[in-house]
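> Would you mind keeping the following structure in view while I ask a few things?
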Amino acid sequence: MTVPAHIDPDLLRAFVAVVECGGFSQAAERLLRGQSAVSLQIKRLEERLGVRLLDRNPRRVVLTSEGELILDHARRILSLNDELVARLREPELSGLVRLGAPEDFATSHLPNVLARFSRSHPKVALEVTCELTLELLERFNAGGLDLALVKREPMGHLGGMRVWREPLVWVAASRAVAETNDPLPLVVSPRPCVYRKRATDALDSEGRSWRIAYTCGSLTGNHAAVRAGLGLTVLPKAMVPADLTVLNDDILGLPTLADTEIALIAASQLSAPAERLRDYIIRELEHGTQ
């Protein structure tokens, strides 16, 4: 196979959009192009690379093994390309952007994204508020936030664009917390909390008895309660502290939990810096939903 000396970034962008959006029509909407134009771009990229990137069927598109290999490279190329273009085109972009995010997400996946954005736009000031989703929504609806990342049920009523999806797991200080307690003691955030509802609904569906042992609106407080052995909690898999134990549901009989979902909501009128941050977060985080 002849290796091409140059690959058009627009072709890579179309490929990434199709994968992240789950189809050609959704990708065309994001790219503001016709579906046939996006299909042609994918065809040209496949011809350029000499490999098939996607398997198509009436309901969805699926990455081939070659597509999986190329996807990560494509994302890195586009990220560097966009960072360079942003610095050249908008060196004077400035202003304040008010962003809200759940505490656990804001302290895990978000910092690197915001750091890269700040390097591209050093004159944009970011004001990040970390609260529970309910409080974020109240602040957003009152006009106190330009953008907000909120936890929601899959395809929930909150709207916005899904930018992250991740497995949820049962967590405790040790296996003994689940093995020796009936009803199961739970460490949760106050209602309404997606993780709390996910845990209690899953236990109810399996006929497992449970009780609320500890409730706290602070992530640090809940972690401390779990470390003290007060009960089990539910966390995204990638956000489990190293000193806590992920419980094997197959052995302990704990019900499987549906994935968590993070959506980005935006105010109807955004400043130029807020629009740029919105687009940047979508591009940087969306690959985590696959």
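A note on labels: chains of the structure tokens are A, B, ... as shown, every chain counts residues from 1, and ligands are counted from 1 in their shown order.
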Write out as a PyMOL selection string the set of residues from stretch 53-185 of chain A that DSSP, computed on the backbone, places in alpha helix (DSSP H).

chain A and resi 65-89+103-106+110-120+133-141+176-179

> Find the residues near stretch 232-240 of chain A: any atom within 10 Å, counting only C-alpha atoms, skip ones fewer than 3 places away on the same chain, and give them as number ranges by chain.

A: 104-105, 107-109, 165-175, 177-178, 184-189, 194-196, 198-199, 212-214, 222-223, 225-227, 229, 243-247, 257, 259-261

> Store the residues picked out above, limited to N, CA and C atoms, as a tab-separated table (two decimals), in the first residue's frame.


chain	number	residue	atom	x	y	z
A	104	ASP	N	-17.40	15.88	40.69
A	104	ASP	CA	-16.57	14.74	40.33
A	104	ASP	C	-16.03	14.86	38.91
A	105	PHE	N	-16.86	15.33	37.98
A	105	PHE	CA	-16.42	15.49	36.60
A	105	PHE	C	-15.42	16.63	36.47
A	107	THR	N	-13.27	17.63	38.54
A	107	THR	CA	-11.96	17.34	39.11
A	107	THR	C	-11.26	16.15	38.44
A	108	SER	N	-11.91	15.55	37.44
A	108	SER	CA	-11.29	14.39	36.79
A	108	SER	C	-11.05	14.65	35.31
A	109	HIS	N	-12.09	14.66	34.52
A	109	HIS	CA	-11.93	14.74	33.06
A	109	HIS	C	-11.79	16.17	32.54
A	165	ARG	N	-20.11	9.54	28.26
A	165	ARG	CA	-20.83	8.39	28.81
A	165	ARG	C	-19.79	7.44	29.39
A	166	GLU	N	-20.11	6.90	30.58
A	166	GLU	CA	-19.13	6.07	31.26
A	166	GLU	C	-19.83	5.07	32.17
A	167	PRO	N	-19.27	3.86	32.32
A	167	PRO	CA	-19.90	2.86	33.20
A	167	PRO	C	-19.92	3.32	34.65
A	168	LEU	N	-21.00	2.98	35.34
A	168	LEU	CA	-21.09	3.19	36.78
A	168	LEU	C	-20.78	1.89	37.50
A	169	VAL	N	-20.15	2.01	38.68
A	169	VAL	CA	-19.78	0.83	39.45
A	169	VAL	C	-20.12	1.03	40.92
A	170	TRP	N	-20.30	-0.08	41.63
A	170	TRP	CA	-20.49	-0.06	43.08
A	170	TRP	C	-19.13	0.06	43.75
A	171	VAL	N	-19.04	0.90	44.78
A	171	VAL	CA	-17.76	1.17	45.43
A	171	VAL	C	-17.94	1.14	46.94
A	172	ALA	N	-16.95	0.60	47.65
A	172	ALA	CA	-16.97	0.59	49.11
A	172	ALA	C	-15.54	0.57	49.62
A	173	ALA	N	-15.40	0.71	50.93
A	173	ALA	CA	-14.07	0.64	51.53
A	173	ALA	C	-13.52	-0.77	51.41
A	174	SER	N	-14.41	-1.78	51.49
A	174	SER	CA	-14.01	-3.17	51.36
A	174	SER	C	-15.24	-4.00	50.99
A	175	ARG	N	-15.00	-5.23	50.57
A	175	ARG	CA	-16.09	-6.12	50.20
A	175	ARG	C	-16.99	-6.42	51.39
A	177	VAL	N	-18.34	-4.60	53.49
A	177	VAL	CA	-19.48	-3.70	53.65
A	177	VAL	C	-20.72	-4.26	52.97
A	178	ALA	N	-20.53	-4.88	51.81
A	178	ALA	CA	-21.66	-5.46	51.08
A	178	ALA	C	-21.97	-6.88	51.55
A	184	LEU	N	-28.58	-3.16	52.53
A	184	LEU	CA	-27.34	-2.54	52.11
A	184	LEU	C	-27.34	-1.06	52.49
A	185	PRO	N	-26.30	-0.59	53.19
A	185	PRO	CA	-26.21	0.83	53.54
A	185	PRO	C	-25.65	1.63	52.36
A	186	LEU	N	-26.31	2.71	51.99
A	186	LEU	CA	-25.89	3.51	50.84
A	186	LEU	C	-25.40	4.88	51.27
A	187	VAL	N	-24.33	5.32	50.63
A	187	VAL	CA	-23.81	6.68	50.79
A	187	VAL	C	-24.14	7.42	49.49
A	188	VAL	N	-24.96	8.46	49.59
A	188	VAL	CA	-25.49	9.10	48.38
A	188	VAL	C	-25.52	10.62	48.52
A	189	SER	N	-25.76	11.28	47.40
A	189	SER	CA	-26.01	12.72	47.39
A	189	SER	C	-27.51	12.96	47.57
A	194	VAL	N	-28.76	11.58	39.94
A	194	VAL	CA	-28.83	10.48	38.99
A	194	VAL	C	-28.23	9.21	39.57
A	195	TYR	N	-27.07	9.33	40.24
A	195	TYR	CA	-26.41	8.14	40.78
A	195	TYR	C	-27.25	7.52	41.89
A	196	ARG	N	-27.83	8.34	42.74
A	196	ARG	CA	-28.69	7.84	43.82
A	196	ARG	C	-29.89	7.08	43.25
A	198	ARG	N	-30.17	5.80	40.28
A	198	ARG	CA	-29.70	4.61	39.56
A	198	ARG	C	-29.46	3.46	40.54
A	199	ALA	N	-28.87	3.76	41.69
A	199	ALA	CA	-28.58	2.74	42.69
A	199	ALA	C	-29.85	2.15	43.28
A	212	ILE	N	-30.64	4.32	53.34
A	212	ILE	CA	-29.72	5.45	53.20
A	212	ILE	C	-28.97	5.61	54.52
A	213	ALA	N	-27.66	5.37	54.46
A	213	ALA	CA	-26.85	5.46	55.67
A	213	ALA	C	-26.21	6.84	55.84
A	214	TYR	N	-25.99	7.53	54.70
A	214	TYR	CA	-25.28	8.82	54.79
A	214	TYR	C	-25.62	9.62	53.53
A	222	ASN	N	-18.80	12.46	50.80
A	222	ASN	CA	-19.25	11.10	50.49
A	222	ASN	C	-18.07	10.13	50.43
A	223	HIS	N	-16.97	10.56	49.84
A	223	HIS	CA	-15.79	9.70	49.81
A	223	HIS	C	-15.31	9.38	51.23
A	225	ALA	N	-17.12	9.25	53.93
A	225	ALA	CA	-18.05	8.32	54.55
A	225	ALA	C	-17.84	6.90	54.05
A	226	VAL	N	-17.57	6.75	52.76
A	226	VAL	CA	-17.30	5.42	52.20
A	226	VAL	C	-16.01	4.86	52.79
A	227	ARG	N	-14.98	5.70	52.90
A	227	ARG	CA	-13.71	5.25	53.47
A	227	ARG	C	-13.88	4.80	54.92
A	229	GLY	N	-16.33	3.25	56.03
A	229	GLY	CA	-17.09	2.01	56.06
A	229	GLY	C	-18.57	2.20	56.34
A	243	ASP	N	-7.87	4.23	46.72
A	243	ASP	CA	-7.95	3.54	48.01
A	243	ASP	C	-9.33	2.93	48.28
A	244	LEU	N	-10.25	3.03	47.32
A	244	LEU	CA	-11.56	2.40	47.47
A	244	LEU	C	-11.66	1.18	46.57
A	245	THR	N	-12.60	0.30	46.88
A	245	THR	CA	-12.72	-0.99	46.20
A	245	THR	C	-13.93	-1.01	45.28
A	246	VAL	N	-13.70	-1.37	44.02
A	246	VAL	CA	-14.80	-1.61	43.09
A	246	VAL	C	-15.34	-3.00	43.36
A	247	LEU	N	-16.62	-3.10	43.65
A	247	LEU	CA	-17.22	-4.37	44.03
A	247	LEU	C	-17.65	-5.15	42.79
A	257	LEU	N	-25.38	-1.62	36.76
A	257	LEU	CA	-25.82	-0.23	36.67
A	257	LEU	C	-25.67	0.29	35.25
A	259	ASP	N	-24.99	3.05	32.30
A	259	ASP	CA	-23.94	4.06	32.19
A	259	ASP	C	-24.42	5.43	32.67
A	260	THR	N	-23.47	6.22	33.13
A	260	THR	CA	-23.76	7.62	33.43
A	260	THR	C	-23.65	8.44	32.15
A	261	GLU	N	-24.30	9.58	32.12
A	261	GLU	CA	-24.30	10.43	30.93
A	261	GLU	C	-24.16	11.88	31.35

> Residues near stretch 31-43 of chain A, anyone? I mean within 7 Å using only C-alpha atoms, not counting same-chain ones fewer than 5 positions away, as a VMD selection string.

chain A and resid 11 14 to 15 24 to 25

> Hey, what does DSSP flag as strand (DSSP E) within stretch 106-256 of chain A? Can you give it to me as an MDAnalysis selection string?

chainID A and resid 124:130 147:151 161:166 168:172 184:188 210:215 233:236 245:246

> What lies within 12 Å of stretch 58-75 of chain A using only C-alpha atoms, ignoring chain neighbours under 2 positions off, as a ChimeraX atom specification?

/A:7-27,39,42,45-46,49-56,77-82,283-288,290

> For A:Arg30, which residue out of A:Val150, A:Met161, A:Ile265, A:Ala115 is the nearest one, using only C-alpha atoms?

A:Met161

> Counting only C-alpha atoms, figure out which residue out of A:Asp146, A:Asp182, A:Glu206, A:Glu29 gets nearest to A:Ala101.

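Closest residue, counting only C-alpha atoms: A:Asp146.
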